[in-house]
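Next up, upload30.txt (compact mmCIF, C-alpha atoms and all ligand atoms):
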```
# COMPACT_ATOMS: atom_id res chain seq x y z
CA MET A 25 30.54 -67.51 63.41
CA ALA A 26 31.71 -69.95 66.07
CA ILE A 27 30.31 -73.44 66.46
CA MET A 28 28.89 -73.40 69.97
CA THR A 29 30.40 -76.60 71.25
CA GLY A 30 28.49 -78.27 74.03
CA MET A 31 29.92 -78.69 77.50
CA THR A 32 28.93 -82.08 78.88
CA SER A 33 28.44 -82.76 82.55
CA GLU A 34 31.88 -84.38 82.49
CA ASN A 35 33.41 -81.06 81.52
CA THR A 36 33.38 -80.21 85.17
CA ALA A 37 35.36 -83.32 86.13
CA ASN A 38 38.65 -81.45 86.39
CA THR A 39 37.47 -78.16 87.79
CA THR A 40 36.93 -78.92 91.47
CA MET A 41 39.23 -76.55 93.31
CA THR A 42 38.39 -77.38 96.88
CA THR A 43 40.41 -80.55 97.57
CA PRO A 44 42.75 -79.83 100.46
CA VAL A 45 46.42 -80.66 99.89
CA HIS A 46 46.57 -83.49 102.45
CA THR A 47 43.61 -85.41 101.06
CA ALA A 48 44.63 -84.65 97.50
CA ARG A 49 47.94 -86.43 98.07
CA THR A 50 46.22 -89.80 98.13
CA ALA A 51 44.16 -89.00 95.05
CA ALA A 52 47.20 -87.71 93.21
CA GLY A 53 49.25 -90.76 94.11
CA THR A 54 46.47 -92.83 92.64
CA ALA A 55 46.24 -90.52 89.63
CA ALA A 56 49.94 -90.88 88.98
CA GLY A 57 49.72 -94.65 89.17
CA ASN A 58 52.08 -94.66 92.17
CA THR A 59 50.26 -97.48 93.93
CA ALA A 60 51.23 -100.88 92.61
CA ALA A 61 47.67 -102.24 92.88
CA THR A 62 46.10 -99.23 91.14
CA ALA A 63 44.93 -99.53 87.53
CA PRO A 64 46.28 -96.84 85.16
CA VAL A 65 44.11 -93.75 84.94
CA ASP A 66 42.01 -93.48 81.78
CA ALA A 67 41.88 -90.25 79.77
CA ALA A 68 38.12 -90.16 80.50
CA ALA A 69 39.04 -88.95 84.00
CA SER A 70 39.95 -85.59 82.49
CA GLY A 71 36.37 -84.96 81.35
CA THR A 72 35.13 -84.38 77.82
CA TRP A 73 34.67 -81.58 75.33
CA THR A 74 32.72 -81.63 72.10
CA LEU A 75 35.29 -80.82 69.46
CA GLY A 76 33.37 -79.99 66.31
CA ASP A 77 30.87 -82.84 66.35
CA ARG A 78 32.80 -85.40 68.42
CA ALA A 79 33.21 -85.77 72.18
CA VAL A 80 36.89 -86.03 73.07
CA HIS A 81 38.62 -86.54 76.39
CA ARG A 82 40.37 -83.42 77.59
CA ILE A 83 43.72 -85.17 77.83
CA GLY A 84 44.88 -85.88 74.30
CA PHE A 85 48.27 -86.54 72.73
CA GLY A 86 50.66 -84.65 70.43
CA THR A 87 52.91 -86.57 68.02
CA MET A 88 55.75 -84.07 67.55
CA ARG A 89 58.12 -86.01 69.83
CA LEU A 90 57.61 -89.36 68.11
CA PRO A 91 59.77 -89.16 64.95
CA GLN A 92 63.00 -88.45 66.81
CA THR A 93 64.77 -88.36 70.13
CA GLY A 94 66.02 -84.97 71.31
CA PRO A 95 64.86 -81.67 69.86
CA ALA A 96 62.01 -81.81 67.32
CA LEU A 97 61.92 -80.26 63.86
CA THR A 98 65.68 -80.33 63.27
CA PRO A 99 67.16 -81.61 59.99
CA HIS A 100 69.59 -84.15 61.46
CA ALA A 101 67.48 -85.46 64.35
CA VAL A 102 68.16 -89.01 65.52
CA PRO A 103 65.18 -91.17 64.50
CA ARG A 104 63.29 -92.74 67.41
CA ASP A 105 62.97 -96.50 67.59
CA ARG A 106 59.94 -97.33 65.46
CA GLU A 107 58.49 -99.94 67.82
CA GLN A 108 58.76 -97.55 70.75
CA ALA A 109 56.89 -94.84 68.86
CA LEU A 110 54.16 -97.31 67.84
CA ARG A 111 53.86 -98.53 71.44
CA VAL A 112 53.32 -94.98 72.69
CA LEU A 113 50.53 -94.36 70.18
CA ARG A 114 48.77 -97.68 70.87
CA ARG A 115 49.07 -97.19 74.62
CA ALA A 116 47.58 -93.69 74.30
CA VAL A 117 44.47 -95.05 72.62
CA GLU A 118 44.30 -97.96 75.08
CA LEU A 119 44.24 -95.38 77.86
CA GLY A 120 41.27 -93.61 76.30
CA VAL A 121 43.05 -90.84 74.41
CA ASN A 122 40.81 -89.96 71.48
CA HIS A 123 42.26 -86.60 70.39
CA ILE A 124 45.61 -86.80 68.63
CA ASP A 125 47.42 -83.79 67.22
CA THR A 126 49.84 -84.33 64.33
CA ALA A 127 51.31 -82.71 61.19
CA ALA A 128 52.99 -83.76 57.96
CA PHE A 129 55.98 -81.59 58.90
CA TYR A 130 56.65 -83.70 62.01
CA PHE A 131 59.35 -85.96 60.63
CA SER A 132 62.97 -86.99 61.08
CA PRO A 133 65.19 -88.49 58.38
CA LEU A 134 63.58 -91.95 58.88
CA ARG A 135 60.24 -91.40 60.63
CA SER A 136 57.05 -89.51 59.85
CA ALA A 137 54.59 -88.83 62.68
CA ASN A 138 51.64 -89.26 60.33
CA GLU A 139 52.94 -92.56 59.01
CA LEU A 140 53.46 -93.79 62.58
CA VAL A 141 49.89 -92.80 63.48
CA ASN A 142 48.63 -94.65 60.41
CA ARG A 143 50.67 -97.76 61.15
CA ALA A 144 49.81 -97.85 64.85
CA LEU A 145 46.14 -96.94 64.76
CA ALA A 146 44.49 -97.66 61.39
CA PRO A 147 41.79 -98.71 60.93
CA TYR A 148 40.85 -95.77 63.10
CA GLY A 149 38.15 -95.99 65.75
CA ASP A 150 35.03 -93.93 65.11
CA ASP A 151 35.62 -91.88 68.24
CA LEU A 152 39.18 -90.85 67.34
CA VAL A 153 39.73 -87.23 66.31
CA ILE A 154 42.99 -86.66 64.46
CA ALA A 155 43.86 -83.00 64.23
CA THR A 156 46.56 -81.82 61.86
CA LYS A 157 47.94 -78.47 60.79
CA VAL A 158 49.00 -76.79 57.60
CA GLY A 159 51.02 -73.71 56.74
CA PRO A 160 54.58 -74.52 57.87
CA ALA A 161 56.70 -76.45 55.38
CA ARG A 162 59.96 -78.40 55.50
CA GLY A 163 61.90 -79.64 52.51
CA PRO A 164 62.92 -83.31 52.19
CA ASP A 165 66.22 -82.43 53.90
CA GLY A 166 64.28 -81.28 56.97
CA HIS A 167 65.08 -77.58 56.65
CA TRP A 168 62.22 -75.09 56.93
CA THR A 169 60.99 -73.67 53.65
CA GLU A 170 58.50 -70.92 52.87
CA HIS A 171 55.06 -71.23 54.50
CA ALA A 172 52.18 -72.35 52.28
CA ARG A 173 50.18 -69.24 51.49
CA THR A 174 48.37 -70.00 48.23
CA PRO A 175 45.24 -72.17 47.87
CA GLU A 176 47.24 -74.58 45.70
CA ARG A 177 49.98 -75.11 48.28
CA LEU A 178 47.51 -75.39 51.16
CA ARG A 179 45.55 -77.98 49.20
CA ALA A 180 48.77 -79.90 48.50
CA GLN A 181 49.51 -79.98 52.25
CA VAL A 182 45.98 -81.18 53.05
CA GLU A 183 46.37 -83.92 50.43
CA GLN A 184 49.75 -84.92 51.87
CA ASN A 185 48.15 -85.34 55.32
CA LEU A 186 45.32 -87.39 53.78
CA ARG A 187 47.79 -89.70 52.03
CA GLU A 188 50.07 -90.16 55.02
CA LEU A 189 47.24 -90.75 57.49
CA GLY A 190 45.38 -92.97 55.02
CA ARG A 191 42.12 -91.07 55.23
CA ASP A 192 39.59 -89.63 52.82
CA HIS A 193 38.92 -86.62 55.03
CA LEU A 194 40.74 -84.87 57.85
CA ASP A 195 38.80 -84.43 61.12
CA LEU A 196 40.31 -81.08 62.05
CA VAL A 197 42.82 -78.88 60.25
CA ASN A 198 44.50 -75.93 61.96
CA LEU A 199 45.88 -73.10 59.89
CA ARG A 200 49.23 -72.53 61.61
CA ILE A 201 50.58 -69.06 61.05
CA VAL A 202 53.47 -66.85 62.03
CA GLY A 203 53.19 -63.09 62.49
CA THR A 204 50.26 -60.74 62.31
CA ASP A 205 49.33 -60.88 58.59
CA PRO A 206 45.64 -61.35 57.72
CA VAL A 207 44.48 -64.95 57.48
CA ALA A 208 41.36 -64.43 55.36
CA GLU A 209 42.76 -65.69 52.07
CA ARG A 210 44.39 -68.79 53.58
CA PHE A 211 41.48 -69.60 55.87
CA GLY A 212 39.11 -69.08 52.94
CA ALA A 213 41.11 -71.62 50.91
CA LEU A 214 40.74 -74.17 53.72
CA ALA A 215 37.04 -73.35 54.05
CA GLU A 216 36.66 -74.31 50.38
CA LEU A 217 38.36 -77.65 51.04
CA ARG A 218 35.93 -78.11 53.91
CA GLN A 219 33.04 -77.43 51.57
CA ALA A 220 34.54 -80.00 49.19
CA GLY A 221 34.47 -82.61 51.97
CA LEU A 222 38.22 -82.99 52.50
CA ILE A 223 38.08 -81.41 55.97
CA ARG A 224 35.39 -81.67 58.65
CA HIS A 225 36.41 -78.85 60.98
CA LEU A 226 38.81 -75.92 60.98
CA GLY A 227 41.02 -74.34 63.61
CA LEU A 228 43.75 -71.73 63.94
CA SER A 229 47.19 -71.93 65.48
CA ASN A 230 49.70 -69.42 66.84
CA ILE A 231 47.25 -66.57 66.37
CA ARG A 232 46.37 -63.20 67.90
CA PRO A 233 42.78 -62.31 68.82
CA HIS A 234 42.20 -60.31 65.61
CA HIS A 235 42.87 -63.43 63.55
CA LEU A 236 40.06 -65.26 65.31
CA ALA A 237 37.50 -62.61 64.44
CA GLU A 238 38.78 -62.47 60.87
CA ALA A 239 38.49 -66.24 60.36
CA GLN A 240 35.07 -66.46 62.02
CA ALA A 241 33.69 -64.17 59.34
CA ILE A 242 34.60 -66.89 56.81
CA ALA A 243 33.86 -70.24 58.50
CA PRO A 244 33.33 -71.71 61.98
CA VAL A 245 36.47 -72.00 64.11
CA THR A 246 36.45 -75.16 66.24
CA CYS A 247 39.70 -74.65 68.12
CA VAL A 248 42.65 -72.38 68.72
CA GLN A 249 46.03 -74.05 69.27
CA ASN A 250 48.55 -71.67 70.84
CA PRO A 251 51.61 -71.93 73.10
CA TYR A 252 50.38 -71.86 76.67
CA GLY A 253 51.31 -72.99 80.15
CA ILE A 254 52.54 -71.73 83.50
CA GLY A 255 54.50 -68.56 82.73
CA SER A 256 52.72 -67.69 79.46
CA SER A 257 52.03 -64.06 78.64
CA PRO A 258 48.79 -62.24 79.57
CA ALA A 259 48.00 -62.09 75.83
CA GLN A 260 47.63 -65.88 75.78
CA ASP A 261 45.40 -65.76 78.85
CA GLU A 262 43.24 -63.25 77.03
CA LEU A 263 42.90 -65.52 74.01
CA LEU A 264 42.09 -68.48 76.25
CA ARG A 265 39.33 -66.42 77.87
CA LEU A 266 37.99 -65.26 74.52
CA CYS A 267 37.78 -68.86 73.27
CA GLY A 268 35.98 -69.93 76.45
CA GLU A 269 33.37 -67.23 76.02
CA GLN A 270 32.67 -68.41 72.50
CA GLY A 271 32.67 -72.16 73.11
CA ILE A 272 35.87 -72.65 71.10
CA ALA A 273 38.38 -75.24 72.32
CA PHE A 274 41.71 -73.80 73.43
CA VAL A 275 44.48 -76.34 72.84
CA PRO A 276 47.81 -75.39 74.43
CA PHE A 277 51.12 -76.60 73.10
CA TYR A 278 54.38 -76.49 75.12
CA ALA A 279 52.36 -76.81 78.34
CA ILE A 280 55.18 -78.96 79.75
CA ALA A 281 58.12 -77.82 77.61
CA GLY A 282 57.41 -74.12 78.21
CA ALA A 283 60.37 -71.97 77.21
CA GLY A 284 62.24 -75.16 76.18
CA ARG A 285 59.91 -75.23 73.14
CA GLU A 286 60.95 -77.76 70.45
CA GLY A 287 64.05 -78.50 72.55
CA GLY A 288 61.82 -80.18 75.15
CA ALA A 289 61.18 -80.06 78.86
CA SER A 290 63.70 -78.53 81.21
CA THR A 291 64.43 -79.61 84.77
CA ALA A 292 64.36 -75.97 85.95
CA GLU A 293 60.88 -75.49 87.39
CA PRO A 294 59.47 -72.59 89.41
CA PRO A 295 59.58 -73.42 93.14
CA GLN A 296 55.77 -73.34 93.37
CA VAL A 297 55.49 -76.15 90.80
CA ARG A 298 58.11 -78.22 92.62
CA ILE A 299 56.52 -77.69 96.03
CA ILE A 300 53.12 -78.93 94.83
CA ALA A 301 54.60 -81.86 92.91
CA GLU A 302 56.54 -82.99 95.97
CA ALA A 303 53.60 -82.54 98.35
CA ARG A 304 51.33 -84.56 96.06
CA GLY A 305 53.86 -87.19 95.09
CA VAL A 306 53.36 -86.40 91.39
CA SER A 307 55.64 -85.12 88.64
CA THR A 308 56.09 -81.46 87.77
CA ALA A 309 54.80 -82.32 84.27
CA GLN A 310 51.54 -83.51 85.87
CA VAL A 311 51.20 -80.31 87.87
CA ARG A 312 51.72 -78.28 84.70
CA LEU A 313 49.14 -80.28 82.75
CA ALA A 314 46.58 -80.26 85.55
CA TRP A 315 47.00 -76.50 85.84
CA THR A 316 46.20 -75.99 82.14
CA LEU A 317 43.06 -78.13 82.46
CA HIS A 318 41.95 -76.02 85.42
CA ARG A 319 42.06 -72.88 83.26
CA GLY A 320 38.67 -73.73 81.76
CA PRO A 321 36.51 -76.64 80.61
CA HIS A 322 37.32 -75.73 77.00
CA VAL A 323 41.07 -76.32 77.47
CA LEU A 324 42.28 -79.57 75.85
CA ALA A 325 45.80 -80.82 76.60
CA ILE A 326 47.96 -82.47 73.90
CA PRO A 327 51.18 -83.35 75.75
CA GLY A 328 53.86 -84.89 73.58
CA THR A 329 56.23 -87.68 74.58
CA GLY A 330 58.11 -90.61 73.12
CA ASP A 331 58.06 -92.46 76.41
CA VAL A 332 55.27 -94.81 77.57
CA ALA A 333 55.83 -94.04 81.26
CA HIS A 334 55.60 -90.30 80.58
CA LEU A 335 52.44 -90.90 78.54
CA GLU A 336 50.82 -92.74 81.45
CA ASP A 337 51.93 -89.95 83.77
CA ASN A 338 50.36 -87.35 81.48
CA VAL A 339 47.07 -89.21 81.13
CA ALA A 340 46.92 -89.56 84.92
CA ALA A 341 47.31 -85.78 85.24
CA GLY A 342 43.76 -85.53 83.93
CA ALA A 343 42.54 -86.86 87.27
CA LEU A 344 44.68 -84.52 89.36
CA GLN A 345 42.42 -81.98 90.99
CA LEU A 346 44.21 -78.94 92.34
CA SER A 347 42.90 -77.15 95.41
CA ALA A 348 42.17 -73.41 95.54
CA GLN A 349 45.29 -73.06 97.67
CA GLU A 350 47.44 -74.84 95.13
CA LEU A 351 45.97 -72.86 92.26
CA ALA A 352 46.74 -69.62 94.08
CA LEU A 353 50.36 -70.74 94.51
CA LEU A 354 50.63 -71.67 90.84
CA GLU A 355 49.13 -68.32 89.88
CA GLU A 356 52.23 -66.74 91.47
CA ALA A 357 54.46 -68.90 89.28
CA HIS A 358 52.33 -68.03 86.25
CA THR A 359 52.52 -64.29 86.69
CA ASP A 360 56.12 -64.16 88.00
CA THR A 361 57.79 -66.01 85.15
CA PRO A 362 56.49 -64.80 81.80
CA ALA A 363 57.94 -67.12 79.13
CA ASP A 364 56.68 -65.60 75.89
N1 LIG B 401 50.65 -75.60 66.61
C1 LIG B 401 51.93 -75.54 66.83
O1 LIG B 401 52.61 -74.64 66.35
C2 LIG B 401 52.60 -76.56 67.69
C3 LIG B 401 53.94 -76.34 68.08
C4 LIG B 401 54.53 -77.30 68.88
C5 LIG B 401 53.84 -78.43 69.27
N2 LIG B 401 52.56 -78.62 68.86
C6 LIG B 401 51.80 -79.82 69.28
O2 LIG B 401 51.72 -79.78 70.69
C7 LIG B 401 52.19 -81.03 71.24
C8 LIG B 401 52.79 -80.75 72.60
O3 LIG B 401 53.98 -80.03 72.45
P1 LIG B 401 55.40 -80.68 72.81
O4 LIG B 401 55.34 -82.13 72.56
O5 LIG B 401 56.44 -79.94 72.12
O6 LIG B 401 55.59 -80.19 74.28
P2 LIG B 401 55.06 -80.62 75.69
O7 LIG B 401 53.99 -81.63 75.64
O8 LIG B 401 54.84 -79.35 76.37
O9 LIG B 401 56.38 -81.27 76.29
C9 LIG B 401 57.09 -82.28 75.66
C10 LIG B 401 58.42 -82.38 76.38
O10 LIG B 401 58.18 -82.76 77.74
C11 LIG B 401 58.71 -84.06 77.99
N3 LIG B 401 57.68 -84.77 78.75
C12 LIG B 401 56.42 -85.10 78.35
N4 LIG B 401 55.77 -85.72 79.33
C13 LIG B 401 56.59 -85.77 80.38
C14 LIG B 401 56.49 -86.30 81.69
N5 LIG B 401 55.37 -86.88 82.12
N6 LIG B 401 57.54 -86.18 82.53
C15 LIG B 401 58.68 -85.58 82.12
N7 LIG B 401 58.86 -85.07 80.89
C16 LIG B 401 57.82 -85.17 80.02
C17 LIG B 401 58.98 -84.66 76.64
O11 LIG B 401 60.09 -85.52 76.69
P3 LIG B 401 59.91 -87.13 76.58
O12 LIG B 401 59.68 -87.43 75.15
O13 LIG B 401 61.20 -87.63 77.12
O14 LIG B 401 58.75 -87.49 77.46
C18 LIG B 401 59.33 -83.42 75.82
O15 LIG B 401 60.66 -83.00 76.09
C19 LIG B 401 53.18 -81.53 70.18
O16 LIG B 401 53.45 -82.90 70.33
C20 LIG B 401 52.49 -81.15 68.91
O17 LIG B 401 51.50 -82.12 68.58
C21 LIG B 401 51.92 -77.69 68.09
```

Just give me the structure as structure tokens.
Ligand SMILES: NC(=O)c1ccc[n+]([C@@H]2O[C@H](COP(=O)([O-])OP(=O)(O)OC[C@H]3O[C@@H](n4cnc5c(N)ncnc54)[C@H](OP(=O)(O)O)[C@@H]3O)[C@@H](O)[C@H]2O)c1
Amino acid sequence: MAIMTGMTSENTANTTMTTPVHTARTAAGTAAGNTAATAPVDAAASGTWTLGDRAVHRIGFGTMRLPQTGPALTPHAVPRDREQALRVLRRAVELGVNHIDTAAFYFSPLRSANELVNRALAPYGDDLVIATKVGPARGPDGHWTEHARTPERLRAQVEQNLRELGRDHLDLVNLRIVGTDPVAERFGALAELRQAGLIRHLGLSNIRPHHLAEAQAIAPVTCVQNPYGIGSSPAQDELLRLCGEQGIAFVPFYAIAGAGREGGASTAEPPQVRIIAEARGVSTAQVRLAWTLHRGPHVLAIPGTGDVAHLEDNVAAGALQLSAQELALLEEAHTDTPAD
């Protein structure tokens, strides 16, 4: 059974679709921090969603880009400068980000995303929700190894996240899967860890609709984290809709990177995205993020970056309200360029 998460009045903050392009330009310039005298936009401008039992701002942050420069999840990645990574995390929280997505398997030879989170942000604020994920596994050399499928291995991964983050419980754990196999046994194992107090809330990642129903028969599902953005397949739209109907947060990854996936963002953008970005004086990344937030009040963005300026840009996207006209144009880009 789903937890029926509450939609606060602020959930509507990003859903106004009537701003005409010419007046929106000023607001977007402000949102992007383009005016020297303008204070940076706070993540609160994106509205809030109750994730499990905590209100989070709809613009969050993903840590996958922090341990390295260049493509993520590769064995010989070049470690990112530690101070730069710590600055990004601290700036995110300063700007009101209170939903951070991470994983123990986000690491490069010299940096661990979880360790960076711990170093930058502990002791953690009461309002901070740190979501992590289990299932995928990488050996010490950084190569992928077999997914965790047994209760023992899943527990070991939960314990690793607890140690690295320096916590006694994890706020939110996503079971990240590949393929179409049933999830009942694995989700059941995590539900037991939840009962034992090691985990507060559970989610699912990279799933199909049948997985959601299967998991809900075992324990409440707080969020679904799937690849999603302009150009995603109709199947992802369907899952997004299903989550909305049930009050489950839908948390897209690769909303900016799209088909670039772990390789990162590409400069090739559909013309519709470029036209709107230019007209508004904002970045294409901001248009992409704002578009995801307009897909429903239950959509929570977790853009990843290792760059403070990009972080500020992404947070500001939470204040970017797209008009009905602009949304219609982006719908063309969405349906014309299926990426998955
Ligand atoms: N559940 C899963 O299976 C799964 C899979 C992948 C990711 N995730 C989570 O989702 C988060 C988001 O995914 P992601 O980080 O891969 O992709 P993303 O947020 O879609 O895009 C990140 C890419 O866009 C660039 N970028 C970010 N902000 C930008 C801006 N304002 N202007 C220009 N370029 C910008 C980044 O480069 P710079 O560093 O140069 O800014 C990077 O190349 C991850 O951090 C991770 O927490 C989950």

Counting only C-alpha atoms and all ligand atoms, which residues of chain A sit at most 7 Å from some atom of ligand LIG 401 (chain B), and what is each one's closest atom pair with its distance in Å to one decimal, listed by chain and rising residue number, as a tab-separated table?
```
residue	atom	partner	partner_atom	distance
A:Phe85	CA	B:LIG401	O16	6.8
A:Gly86	CA	B:LIG401	O17	3.2
A:Thr87	CA	B:LIG401	O16	4.4
A:Met88	CA	B:LIG401	O16	3.8
A:Arg89	CA	B:LIG401	O4	5.5
A:Asp125	CA	B:LIG401	O17	4.6
A:Thr126	CA	B:LIG401	O17	5.1
A:Arg200	CA	B:LIG401	N1	6.0
A:Ser229	CA	B:LIG401	N1	5.2
A:Asn230	CA	B:LIG401	O1	6.0
A:Gln249	CA	B:LIG401	N1	5.6
A:Asn250	CA	B:LIG401	N1	6.1
A:Pro276	CA	B:LIG401	O2	7.0
A:Phe277	CA	B:LIG401	O2	4.0
A:Tyr278	CA	B:LIG401	O8	3.2
A:Ala279	CA	B:LIG401	O8	4.1
A:Ile280	CA	B:LIG401	O8	3.4
A:Ala281	CA	B:LIG401	O8	3.8
A:Gly282	CA	B:LIG401	O8	6.1
A:Arg285	CA	B:LIG401	O5	5.9
A:Glu286	CA	B:LIG401	O5	5.3
A:Gly287	CA	B:LIG401	O15	6.7
A:Gly288	CA	B:LIG401	O15	3.2
A:Ala289	CA	B:LIG401	O15	4.1
A:Ser307	CA	B:LIG401	N6	6.5
A:Ala309	CA	B:LIG401	C14	5.0
A:Gln310	CA	B:LIG401	N5	6.3
A:Ile326	CA	B:LIG401	C7	5.2
A:Pro327	CA	B:LIG401	O7	3.3
A:Gly328	CA	B:LIG401	O4	3.3
A:Thr329	CA	B:LIG401	O12	3.5
A:Gly330	CA	B:LIG401	O12	4.1
A:Asp331	CA	B:LIG401	O14	5.1
A:His334	CA	B:LIG401	N5	3.8
A:Leu335	CA	B:LIG401	N5	6.1
A:Asp337	CA	B:LIG401	N5	4.9
A:Asn338	CA	B:LIG401	N5	5.1
```

Write out as a PDB file with C-alpha atoms, in the coordinates of the input each polymer residue whose atoms come within 9 Å of Arg265 (chain A), counting only C-alpha atoms; drop sequence neighbours fewer than 3 positions from it.
```
ATOM      1  CA  GLN A 260      47.630 -65.880  75.780  1.00  0.00           C
ATOM      2  CA  ASP A 261      45.400 -65.760  78.850  1.00  0.00           C
ATOM      3  CA  GLU A 262      43.240 -63.250  77.030  1.00  0.00           C
ATOM      4  CA  GLY A 268      35.980 -69.930  76.450  1.00  0.00           C
ATOM      5  CA  GLU A 269      33.370 -67.230  76.020  1.00  0.00           C
ATOM      6  CA  GLN A 270      32.670 -68.410  72.500  1.00  0.00           C
ATOM      7  CA  PHE A 274      41.710 -73.800  73.430  1.00  0.00           C
ATOM      8  CA  ARG A 319      42.060 -72.880  83.260  1.00  0.00           C
ATOM      9  CA  GLY A 320      38.670 -73.730  81.760  1.00  0.00           C
TER      10      GLY A 320
END
```

Legend entry - Distance in Å - CA of Ile124 (chain A) versus CA of Cys247 (chain A):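 Atom-to-atom, CA of Ile124 (chain A) to CA of Cys247 (chain A), that is 13.5 Å.
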
Inset, instruction - Name the residues within 12 Å of (48.3, -98.1, 61.9), counting all atoms listed in the file in the file's coordinates, and put them as a list in words. - result: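 Returned residue set, sorted by chain then number, is Glu107, Ala109, Leu110, Arg111, Leu113, Arg114, Val117, Ala137, Asn138, Glu139, Leu140, Val141, Asn142, Arg143, Ala144, Leu145, Ala146, Pro147, Tyr148, Gly149, Glu188, Leu189, Gly190 and Arg191 of chain A.
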
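Note that the spacing between CA of Val158 (chain A) and CA of Ile201 (chain A) amounts to 8.6 Å.
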
Legend entry - Distance of CA of Asp192 (chain A) from CA of Ala79 (chain A), expressed in Å to one decimal place: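 Taking CA of Ala79 (chain A) as the start and CA of Asp192 (chain A) as the end point, the length is 20.7 Å.
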
What's the 12 Å shell around Pro160 (chain A), counting all atoms listed in the file, without same-chain residues fewer than 3 positions away, as a compact mmCIF listing (two decimals) with C-alpha atoms, in the frame of the given file?
```txt
# COMPACT_ATOMS: atom_id res chain seq x y z
CA LEU A 97 61.92 -80.26 63.86
CA ALA A 127 51.31 -82.71 61.19
CA ALA A 128 52.99 -83.76 57.96
CA PHE A 129 55.98 -81.59 58.90
CA TYR A 130 56.65 -83.70 62.01
CA THR A 156 46.56 -81.82 61.86
CA LYS A 157 47.94 -78.47 60.79
CA GLY A 163 61.90 -79.64 52.51
CA GLY A 166 64.28 -81.28 56.97
CA HIS A 167 65.08 -77.58 56.65
CA TRP A 168 62.22 -75.09 56.93
CA THR A 169 60.99 -73.67 53.65
CA GLU A 170 58.50 -70.92 52.87
CA HIS A 171 55.06 -71.23 54.50
CA ALA A 172 52.18 -72.35 52.28
CA ARG A 173 50.18 -69.24 51.49
CA ARG A 177 49.98 -75.11 48.28
CA LEU A 178 47.51 -75.39 51.16
CA GLN A 181 49.51 -79.98 52.25
CA VAL A 182 45.98 -81.18 53.05
CA ASN A 198 44.50 -75.93 61.96
CA LEU A 199 45.88 -73.10 59.89
CA ARG A 200 49.23 -72.53 61.61
CA ILE A 201 50.58 -69.06 61.05
CA VAL A 202 53.47 -66.85 62.03
CA SER A 229 47.19 -71.93 65.48
CA ASN A 230 49.70 -69.42 66.84
```

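Among the candidates A:Ser347, A:Arg298, A:Val275, A:Pro258, the one nearest to Leu317 (chain A) when counting only C-alpha atoms is A:Val275.
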
Legend entry - Top pick for closest residue to Leu236 (chain A), considering A:Pro206, A:Pro295, A:Pro251, A:Pro175 and counting only C-alpha atoms: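 Among the listed residues, the smallest separation from Leu236 (chain A) belongs to A:Pro206.
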
Legend entry - Spatial neighbours of Gly342 (chain A), 9 Å, all atoms listed in the file, chain gap at least 2 places, as a PyMOL selection string: chain A and resi 37-38+55+65-71+82-83+310+313-314+317+325+338-340+344-345

Just the selected residues (C-alpha atoms), exported as an mmCIF file, in the coordinates of the input, please.
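So result.cif came out as:
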```cif
data_model
loop_
_atom_site.group_PDB
_atom_site.id
_atom_site.type_symbol
_atom_site.label_atom_id
_atom_site.label_comp_id
_atom_site.auth_asym_id
_atom_site.auth_seq_id
_atom_site.Cartn_x
_atom_site.Cartn_y
_atom_site.Cartn_z
ATOM 1 C CA ALA A 37 35.360 -83.320 86.130
ATOM 2 C CA ASN A 38 38.650 -81.450 86.390
ATOM 3 C CA ALA A 55 46.240 -90.520 89.630
ATOM 4 C CA VAL A 65 44.110 -93.750 84.940
ATOM 5 C CA ASP A 66 42.010 -93.480 81.780
ATOM 6 C CA ALA A 67 41.880 -90.250 79.770
ATOM 7 C CA ALA A 68 38.120 -90.160 80.500
ATOM 8 C CA ALA A 69 39.040 -88.950 84.000
ATOM 9 C CA SER A 70 39.950 -85.590 82.490
ATOM 10 C CA GLY A 71 36.370 -84.960 81.350
ATOM 11 C CA ARG A 82 40.370 -83.420 77.590
ATOM 12 C CA ILE A 83 43.720 -85.170 77.830
ATOM 13 C CA GLN A 310 51.540 -83.510 85.870
ATOM 14 C CA LEU A 313 49.140 -80.280 82.750
ATOM 15 C CA ALA A 314 46.580 -80.260 85.550
ATOM 16 C CA LEU A 317 43.060 -78.130 82.460
ATOM 17 C CA ALA A 325 45.800 -80.820 76.600
ATOM 18 C CA ASN A 338 50.360 -87.350 81.480
ATOM 19 C CA VAL A 339 47.070 -89.210 81.130
ATOM 20 C CA ALA A 340 46.920 -89.560 84.920
ATOM 21 C CA LEU A 344 44.680 -84.520 89.360
ATOM 22 C CA GLN A 345 42.420 -81.980 90.990
#
```

Inset, instruction - Would you please work out which residue, of A:Gly84, A:Gly255, A:Pro64, A:Gly159, is nearest to Glu336 (chain A) when using only C-alpha atoms? - result: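 Among the listed residues, A:Pro64 lies closest to Glu336 (chain A).
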